[in-house]
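Reproduced below: model_15.csv, with CSV, C-alpha atoms.
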```
chain,number,residue,atom,x,y,z
E,178,MET,CA,-9.4,29.9,-2.5
E,179,ASN,CA,-6.3,29.2,-0.4
E,180,HIS,CA,-5.4,30.3,3.1
E,181,ILE,CA,-1.7,31.3,3.6
E,182,ASP,CA,-0.9,32.6,7.0
E,183,PRO,CA,0.7,36.1,7.0
E,184,LYS,CA,3.7,34.8,8.9
E,185,ALA,CA,4.4,32.0,6.4
E,186,ARG,CA,7.4,32.6,4.2
E,187,LEU,CA,7.3,31.4,0.6
E,188,GLY,CA,10.3,31.4,-1.7
E,189,GLN,CA,10.6,32.4,-5.3
E,190,GLY,CA,8.7,30.5,-7.9
E,191,VAL,CA,6.3,28.7,-5.5
E,192,MET,CA,3.1,27.4,-7.0
E,193,VAL,CA,0.1,26.6,-4.9
E,194,GLY,CA,-3.0,24.8,-6.1
E,195,TYR,CA,-6.6,25.4,-5.0
E,196,PHE,CA,-8.0,25.1,-1.5
E,197,SER,CA,-4.7,24.6,0.3
E,198,VAL,CA,-3.8,25.8,3.8
E,199,ILE,CA,-0.3,27.0,4.8
E,200,GLY,CA,0.0,27.6,8.5
E,201,LYS,CA,1.9,30.0,10.7
E,202,ASP,CA,5.7,30.3,10.4
E,203,VAL,CA,5.8,27.7,7.6
E,204,GLN,CA,9.0,28.1,5.5
E,205,VAL,CA,8.8,27.1,1.9
E,206,GLY,CA,11.9,27.2,-0.3
E,207,ASP,CA,12.2,28.2,-4.0
E,208,ASN,CA,10.5,26.5,-6.9
E,209,VAL,CA,8.2,24.4,-4.7
E,210,THR,CA,5.0,23.0,-6.1
E,211,ILE,CA,2.1,22.5,-3.7
E,212,GLY,CA,-1.0,20.7,-5.0
E,213,ASN,CA,-4.7,21.1,-4.4
E,214,ASN,CA,-6.3,20.6,-0.9
E,215,VAL,CA,-2.9,20.4,0.8
E,216,THR,CA,-2.6,21.2,4.5
E,217,ILE,CA,0.8,22.4,5.8
E,218,TRP,CA,0.9,22.7,9.6
E,219,ASP,CA,2.5,25.5,11.5
E,220,GLY,CA,6.3,25.8,11.5
E,221,THR,CA,7.0,23.2,8.8
E,222,VAL,CA,10.2,23.7,6.8
E,223,ILE,CA,10.2,22.7,3.1
E,224,GLY,CA,13.4,22.8,1.0
E,225,ASP,CA,13.9,24.0,-2.6
E,226,ASN,CA,12.3,22.2,-5.5
E,227,VAL,CA,10.0,20.0,-3.4
E,228,GLN,CA,6.8,18.7,-4.9
E,229,ILE,CA,3.8,18.0,-2.7
E,230,GLY,CA,0.8,16.1,-4.2
E,231,ASP,CA,-2.9,16.8,-3.9
E,232,GLY,CA,-4.5,16.1,-0.6
E,233,SER,CA,-1.4,15.7,1.5
E,234,VAL,CA,-1.2,16.6,5.1
E,235,ILE,CA,2.3,17.9,6.0
E,236,GLY,CA,3.7,18.5,9.5
E,237,LYS,CA,0.7,17.3,11.4
E,238,GLN,CA,0.9,17.2,15.2
E,239,PRO,CA,0.0,13.8,16.6
E,240,LYS,CA,-3.1,13.4,18.7
E,241,PRO,CA,-2.9,10.0,20.6
E,242,SER,CA,-6.0,8.4,22.0
E,243,LYS,CA,-6.4,7.9,25.7
E,244,THR,CA,-5.3,4.3,25.3
E,245,SER,CA,-2.3,5.0,23.1
E,246,THR,CA,1.1,3.6,24.3
E,247,VAL,CA,2.9,6.8,23.3
E,248,LYS,CA,1.8,10.1,24.9
E,249,TYR,CA,2.9,13.6,24.1
E,250,GLU,CA,2.6,16.4,26.6
E,251,ASP,CA,4.4,19.0,24.5
E,252,VAL,CA,4.1,20.2,20.9
E,253,LEU,CA,6.7,18.4,18.7
E,254,PRO,CA,9.3,20.2,16.7
E,255,PRO,CA,8.3,21.1,13.1
E,256,LEU,CA,8.6,18.7,10.2
E,257,VAL,CA,11.7,19.3,8.0
E,258,ILE,CA,11.6,18.2,4.3
E,259,GLY,CA,14.9,18.3,2.3
E,260,ALA,CA,15.4,19.8,-1.1
E,261,ASN,CA,14.3,18.0,-4.3
E,262,THR,CA,12.0,15.6,-2.4
E,263,THR,CA,8.6,14.5,-3.8
E,264,ILE,CA,5.6,13.9,-1.6
E,265,GLY,CA,2.8,12.0,-3.3
E,266,ALA,CA,-1.0,12.5,-3.3
E,267,ASN,CA,-2.7,12.0,0.0
E,268,ALA,CA,0.4,11.3,2.0
E,269,VAL,CA,0.5,12.2,5.7
E,270,ILE,CA,3.7,13.2,7.4
E,271,TYR,CA,3.8,14.2,11.1
E,272,ALA,CA,5.7,16.8,13.0
E,273,GLY,CA,9.0,15.8,14.6
E,274,ALA,CA,10.1,13.9,11.5
E,275,THR,CA,13.0,14.8,9.2
E,276,ILE,CA,12.9,13.8,5.5
E,277,GLY,CA,16.2,14.0,3.6
E,278,GLU,CA,16.9,15.4,0.2
E,279,ASN,CA,15.9,13.7,-3.1
E,280,ALA,CA,13.5,11.3,-1.3
E,281,LEU,CA,10.1,10.1,-2.4
E,282,ILE,CA,7.2,9.6,-0.1
E,283,ALA,CA,4.7,8.1,-2.5
E,284,ASP,CA,0.9,8.3,-2.7
E,285,LEU,CA,-1.0,7.3,0.4
E,286,ALA,CA,2.1,6.7,2.4
E,287,SER,CA,2.4,7.9,6.1
E,288,VAL,CA,5.4,8.8,8.1
E,289,ARG,CA,4.8,9.2,11.9
E,290,GLU,CA,6.4,11.6,14.3
E,291,ASN,CA,10.0,11.5,15.4
E,292,CYS,CA,11.2,9.5,12.3
E,293,LYS,CA,14.4,10.3,10.5
E,294,ILE,CA,14.5,9.4,6.8
E,295,GLY,CA,17.7,9.8,4.9
E,296,ASN,CA,18.6,11.1,1.4
E,297,PHE,CA,17.5,9.3,-1.7
E,298,VAL,CA,15.0,7.1,0.2
E,299,VAL,CA,11.9,5.7,-1.5
E,300,VAL,CA,8.9,5.1,0.7
E,301,GLY,CA,6.4,3.4,-1.6
E,302,ARG,CA,2.7,3.7,-2.1
E,303,GLY,CA,0.6,3.0,1.0
E,304,VAL,CA,3.7,2.3,3.2
E,305,ALA,CA,3.2,3.0,6.9
E,306,VAL,CA,6.4,4.2,8.8
E,307,GLU,CA,5.6,4.3,12.5
E,308,ASN,CA,7.2,6.6,15.1
E,309,LYS,CA,10.8,6.8,16.3
E,310,THR,CA,12.1,4.9,13.3
E,311,THR,CA,15.3,5.7,11.4
E,312,ILE,CA,15.8,4.9,7.7
E,313,GLY,CA,19.2,5.2,6.0
E,314,GLU,CA,20.2,6.6,2.7
E,315,TYR,CA,19.3,4.9,-0.6
E,316,THR,CA,16.9,2.6,1.1
E,317,LYS,CA,13.8,1.5,-0.9
E,318,ILE,CA,10.6,0.4,0.8
E,319,GLN,CA,8.0,-1.0,-1.6
E,320,THR,CA,4.2,-0.8,-1.8
E,321,GLY,CA,2.2,-1.7,1.3
E,322,ALA,CA,5.0,-2.5,3.7
E,323,TYR,CA,4.5,-1.9,7.4
E,324,ILE,CA,7.5,-0.4,9.2
E,325,THR,CA,6.7,-0.6,12.9
E,326,ALA,CA,7.8,1.8,15.6
E,327,TYR,CA,11.3,1.8,17.1
E,328,MET,CA,13.1,0.4,14.0
E,329,ASP,CA,16.6,1.0,12.7
E,330,ILE,CA,17.0,0.5,9.0
E,331,GLU,CA,20.4,1.3,7.6
E,332,ASP,CA,21.6,2.4,4.1
E,333,HIS,CA,21.0,0.6,0.8
E,334,VAL,CA,18.3,-1.7,2.3
E,335,PHE,CA,15.5,-3.1,0.0
E,336,ILE,CA,12.2,-4.0,1.5
E,337,ALA,CA,9.7,-5.7,-0.9
E,338,PRO,CA,5.9,-5.2,-1.0
E,339,MET,CA,3.7,-6.2,1.9
E,340,VAL,CA,6.6,-7.0,4.4
E,341,THR,CA,5.4,-6.7,8.0
E,342,PHE,CA,7.7,-5.8,10.9
E,343,THR,CA,6.6,-6.2,14.5
E,344,ASN,CA,7.8,-4.8,17.9
E,345,ASP,CA,5.7,-6.3,20.7
E,346,ASN,CA,6.0,-9.9,21.8
E,347,PHE,CA,3.2,-9.5,24.3
E,348,MET,CA,0.7,-8.1,21.7
E,349,GLY,CA,-0.6,-5.4,24.0
E,350,ARG,CA,-0.9,-7.4,27.2
E,351,THR,CA,0.9,-6.7,30.5
E,352,LYS,CA,2.9,-3.7,31.6
E,353,GLU,CA,6.1,-5.8,31.3
E,354,ARG,CA,6.0,-5.4,27.5
E,355,PHE,CA,7.1,-1.7,27.7
E,356,LYS,CA,10.6,-2.9,28.8
E,357,PHE,CA,10.9,-5.0,25.6
E,358,ILE,CA,9.2,-3.1,22.8
E,359,LYS,CA,11.7,-2.8,19.9
E,360,GLY,CA,11.4,-3.2,16.2
E,361,ALA,CA,13.8,-4.9,14.0
E,362,THR,CA,17.3,-3.7,13.0
E,363,VAL,CA,18.0,-4.1,9.3
E,364,LYS,CA,21.7,-3.8,8.5
E,365,ARG,CA,23.3,-2.1,5.5
E,366,GLY,CA,22.5,-3.7,2.1
E,367,ALA,CA,20.0,-6.3,3.5
E,368,ARG,CA,17.1,-7.4,1.3
E,369,VAL,CA,13.7,-8.5,2.6
E,370,GLY,CA,11.4,-10.4,0.2
E,371,GLY,CA,7.7,-9.8,-0.3
E,372,GLY,CA,5.2,-10.9,2.3
E,373,SER,CA,7.9,-11.7,4.9
E,374,ILE,CA,7.2,-11.2,8.7
E,375,ILE,CA,9.9,-10.1,11.0
E,376,LEU,CA,9.5,-10.6,14.7
E,377,PRO,CA,10.3,-8.0,17.4
E,378,GLY,CA,14.0,-7.1,18.1
E,379,VAL,CA,15.4,-9.3,15.3
E,380,VAL,CA,18.6,-8.1,13.6
E,381,ILE,CA,18.7,-8.7,9.8
E,382,GLY,CA,22.4,-9.0,9.1
E,383,GLU,CA,24.4,-6.9,6.7
E,384,GLU,CA,23.8,-7.8,3.0
E,385,SER,CA,21.6,-10.8,4.1
E,386,PHE,CA,18.7,-12.0,1.9
E,387,VAL,CA,15.3,-12.9,3.4
E,388,ALA,CA,13.3,-14.9,0.9
E,389,ALA,CA,9.7,-14.0,0.1
E,390,GLY,CA,7.2,-15.2,2.6
E,391,ALA,CA,9.7,-16.0,5.3
E,392,LEU,CA,9.0,-15.8,9.1
E,393,VAL,CA,12.1,-14.4,10.7
E,394,THR,CA,12.2,-15.3,14.4
E,395,LYS,CA,15.9,-14.8,15.2
E,396,ASP,CA,18.9,-12.8,14.1
E,397,THR,CA,20.4,-13.6,10.7
E,398,GLY,CA,24.1,-13.8,9.9
E,399,GLU,CA,25.8,-11.4,7.5
E,400,ARG,CA,25.5,-12.2,3.8
E,401,LYS,CA,23.2,-15.2,4.5
E,402,VAL,CA,20.1,-16.3,2.6
E,403,VAL,CA,17.3,-17.3,5.0
E,404,ILE,CA,14.2,-19.2,3.8
E,405,GLY,CA,11.1,-20.7,5.4
E,406,LEU,CA,8.7,-20.9,8.3
E,407,PRO,CA,10.5,-20.3,10.6
E,408,ALA,CA,13.4,-18.9,8.4
E,409,LYS,CA,16.7,-20.8,8.4
E,410,GLU,CA,20.0,-20.0,6.9
E,411,THR,CA,20.5,-22.0,3.7
E,412,ARG,CA,23.6,-20.5,2.0
E,413,THR,CA,25.8,-17.5,1.5
E,414,VAL,CA,24.7,-14.6,-0.7
E,415,PRO,CA,26.6,-14.8,-4.0
E,416,GLY,CA,29.4,-12.4,-4.4
E,417,ARG,CA,28.0,-10.9,-7.6
E,418,GLU,CA,25.0,-9.6,-5.6
E,419,LEU,CA,27.0,-7.7,-3.0
E,420,LEU,CA,26.9,-4.0,-3.0
E,421,GLU,CA,30.6,-3.8,-3.5
E,422,ASN,CA,30.2,-5.5,-6.9
E,423,GLN,CA,27.4,-3.3,-8.2
E,424,GLU,CA,28.2,-0.6,-10.7
E,425,ASP,CA,25.2,1.5,-9.6
E,426,LYS,CA,24.9,1.4,-5.8
E,427,LYS,CA,21.9,3.7,-5.9
```

Output the structure of this file as structure tokens.
Amino acid sequence: MNHIDPKARLGQGVMVGYFSVIGKDVQVGDNVTIGNNVTIWDGTVIGDNVQIGDGSVIGKQPKPSKTSTVKYEDVLPPLVIGANTTIGANAVIYAGATIGENALIADLASVRENCKIGNFVVVGRGVAVENKTTIGEYTKIQTGAYITAYMDIEDHVFIAPMVTFTNDNFMGRTKERFKFIKGATVKRGARVGGGSIILPGVVIGEESFVAAGALVTKDTGERKVVIGLPAKETRTVPGRELLENQEDKK
């Protein structure tokens, strides 16, 4: 048995599985598929042809703990999901976020509040995207990566599995840290190899290449390969690997 609030608006051809809850003022476009045991919170806006996997929680309002750094006194604006996007099983996406068209938020992934995710983005299985982060179009983030809060990730970025970004050099100590909290900026076309660790505030240069397992402690140049612990520039990215030389830039 499902619960669909009388004030929810469902488009043509919507299919809803068993034991799902659709809240007040939810707007669902045409030809949307909603799995079993899905919860869609009040006011969420879902575009046409979206698919939502079993067990997902969509448009959840954040409830910070008493010791959380970020506090919310007001209800956040509803989540908006663009057309043709797929949400995997048991994904959790918070209110205040915007998900573009033709995106994939895979199984067990989470997207926190006040994030903006562009068109054709892939957020892989088990990826955590923290609050106030922006992700540009055609970016791919692979399984298990941790995208910290306050990050800027531009278009056509590739982030390999198990990459960790950080945003706090003080690791939770002293009030001074609040002036400096900032995640990395990853410029257009950059690639970050598996298992790398990126320290707070670092800028990964346009079309640069961070080798697997690197520890990036300072900004990288454009089109540079960086390797090691700590990472150092070793050479320039070969021309054949640049976006401008790819037949399929998607």

Neighbourhood query: residues within 9 Å of (1.6, 33.3, 5.6), file coordinates, counting only C-alpha atoms; return as number ranges by chain.
-> E: 180-187, 199-203

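Distance-wise, atom CA of E:Arg412 and atom CA of E:Glu384 end up 12.7 Å apart.
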
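Here atom CA of E:Gln238 is placed at a distance of 23.2 Å from atom CA of E:Asn344.
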
Compile the contact shell of E:Gly313 as a PyMOL selection string: residues with an atom at most 12 Å away, counting all atoms listed in the file, same-chain residues fewer than 4 positions apart removed.
-> chain E and resi 275-278+280+292-300+317-318+328-335+362-367

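From atom CA of E:Thr394 back to atom CA of E:Ala322, the distance works out to 18.2 Å.
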
Using all atoms listed in the file, the shortest atom-to-atom distance to E:Ile264 among E:Thr351, E:Thr320, E:Thr413, E:Asn226 belongs to E:Asn226

Do a neighbour search on E:Lys359 at 12 Å with all atoms listed in the file, toss out local chain neighbours closer than 2 positions, and write the hits as a list in words.
-> Glu307, Asn308, Lys309, Thr310, Ile324, Thr325, Ala326, Tyr327, Met328, Asp329, Phe342, Thr343, Asn344, Asp345, Asn346, Phe347, Arg354, Phe355, Lys356, Phe357, Ala361, Thr362, Ile375, Leu376, Pro377, Gly378, Val379 and Val380 of chain E

Spatial neighbours of stretch 255-261 of chain E, 8 Å, all atoms listed in the file, chain gap at least 4 places, as a ChimeraX atom specification = /E:219-228,235-236,270-280

Dump as a PyMOL selection string all residues having an atom at most 10 Å from (4.5, 6.8, -0.6), computed in the file's coordinates with all atoms listed in the file.
-> chain E and resi 263-269+281-288+299-306+318-321

Spatial neighbours of E:Val340, 6 Å, all atoms listed in the file, chain gap at least 3 places, as an MDAnalysis selection string | chainID E and resid 322 371:373

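For the set E:Glu424, E:Glu290, E:Glu399, E:Glu383, the residue with the smallest atom-to-atom gap to E:Tyr249 is E:Glu290, counting only C-alpha atoms.
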
Name all residues at most 7 Å from stretch 213-218 of chain E (count all atoms listed in the file; drop same-chain ones fewer than 4 positions away) and give them as a list in words.
-> Gly194, Tyr195, Phe196, Ser197, Val198, Ile199, Gly200, Asp231, Gly232, Ser233, Val234, Ile235, Gly236 and Lys237 of chain E

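Of the listed residues E:Thr341, E:Gln204, E:Thr397, E:Ser385, the one whose atoms come nearest to E:Leu419 is E:Ser385, with distances taken using only C-alpha atoms.
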
Please output stretch 305-327 of chain E, rebuilt to include N, CA, C and O atoms, as a CSV table (one decimal), in the coordinates of the input.
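Once written, rebuild14.csv looks like this:
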```
chain,number,residue,atom,x,y,z
E,305,ALA,N,3.4,2.4,5.6
E,305,ALA,CA,3.2,3.0,6.9
E,305,ALA,C,4.6,3.0,7.6
E,305,ALA,O,5.1,1.9,7.9
E,306,VAL,N,5.1,4.1,8.0
E,306,VAL,CA,6.4,4.2,8.8
E,306,VAL,C,5.9,4.7,10.1
E,306,VAL,O,5.5,5.9,10.3
E,307,GLU,N,6.1,3.9,11.2
E,307,GLU,CA,5.6,4.3,12.5
E,307,GLU,C,6.7,5.1,13.2
E,307,GLU,O,7.8,5.3,12.8
E,308,ASN,N,6.4,5.6,14.4
E,308,ASN,CA,7.2,6.6,15.1
E,308,ASN,C,8.5,6.1,15.6
E,308,ASN,O,8.7,4.9,15.8
E,309,LYS,N,9.4,7.0,15.7
E,309,LYS,CA,10.8,6.8,16.3
E,309,LYS,C,11.5,5.7,15.5
E,309,LYS,O,12.2,4.8,16.0
E,310,THR,N,11.4,5.8,14.2
E,310,THR,CA,12.1,4.9,13.3
E,310,THR,C,13.1,5.7,12.4
E,310,THR,O,12.8,6.8,12.0
E,311,THR,N,14.3,5.1,12.2
E,311,THR,CA,15.3,5.7,11.4
E,311,THR,C,15.5,4.9,10.1
E,311,THR,O,15.6,3.7,10.2
E,312,ILE,N,15.6,5.6,9.0
E,312,ILE,CA,15.8,4.9,7.7
E,312,ILE,C,17.0,5.5,7.0
E,312,ILE,O,17.0,6.8,6.7
E,313,GLY,N,18.0,4.7,6.6
E,313,GLY,CA,19.2,5.2,6.0
E,313,GLY,C,19.1,5.6,4.6
E,313,GLY,O,18.1,5.3,3.9
E,314,GLU,N,20.2,6.1,4.0
E,314,GLU,CA,20.2,6.6,2.7
E,314,GLU,C,20.1,5.5,1.6
E,314,GLU,O,20.5,4.4,1.9
E,315,TYR,N,19.4,5.8,0.5
E,315,TYR,CA,19.3,4.9,-0.6
E,315,TYR,C,18.5,3.7,-0.3
E,315,TYR,O,18.5,2.7,-1.1
E,316,THR,N,17.8,3.7,0.7
E,316,THR,CA,16.9,2.6,1.1
E,316,THR,C,15.6,2.7,0.3
E,316,THR,O,15.1,3.8,0.1
E,317,LYS,N,15.0,1.5,-0.1
E,317,LYS,CA,13.8,1.5,-0.9
E,317,LYS,C,12.8,0.6,-0.2
E,317,LYS,O,13.1,-0.6,0.1
E,318,ILE,N,11.6,1.1,0.1
E,318,ILE,CA,10.6,0.4,0.8
E,318,ILE,C,9.4,0.3,-0.2
E,318,ILE,O,8.8,1.4,-0.5
E,319,GLN,N,9.0,-0.8,-0.6
E,319,GLN,CA,8.0,-1.0,-1.6
E,319,GLN,C,6.5,-1.0,-1.1
E,319,GLN,O,6.3,-1.1,0.1
E,320,THR,N,5.6,-1.0,-2.0
E,320,THR,CA,4.2,-0.8,-1.8
E,320,THR,C,3.6,-1.7,-0.6
E,320,THR,O,3.9,-2.9,-0.6
E,321,GLY,N,2.9,-1.0,0.3
E,321,GLY,CA,2.2,-1.7,1.3
E,321,GLY,C,3.0,-2.3,2.5
E,321,GLY,O,2.4,-3.0,3.3
E,322,ALA,N,4.3,-2.0,2.5
E,322,ALA,CA,5.0,-2.5,3.7
E,322,ALA,C,4.7,-1.8,4.9
E,322,ALA,O,4.3,-0.6,4.9
E,323,TYR,N,4.8,-2.5,6.1
E,323,TYR,CA,4.5,-1.9,7.4
E,323,TYR,C,5.8,-1.9,8.2
E,323,TYR,O,6.4,-2.9,8.5
E,324,ILE,N,6.2,-0.7,8.4
E,324,ILE,CA,7.5,-0.4,9.2
E,324,ILE,C,7.1,0.0,10.6
E,324,ILE,O,6.6,1.1,10.8
E,325,THR,N,7.2,-0.9,11.5
E,325,THR,CA,6.7,-0.6,12.9
E,325,THR,C,7.6,0.4,13.6
E,325,THR,O,8.6,0.8,13.1
E,326,ALA,N,7.1,0.8,14.8
E,326,ALA,CA,7.8,1.8,15.6
E,326,ALA,C,9.1,1.2,16.2
E,326,ALA,O,9.2,0.0,16.3
E,327,TYR,N,10.0,2.1,16.4
E,327,TYR,CA,11.3,1.8,17.1
E,327,TYR,C,12.2,0.9,16.2
E,327,TYR,O,12.7,-0.1,16.7
```
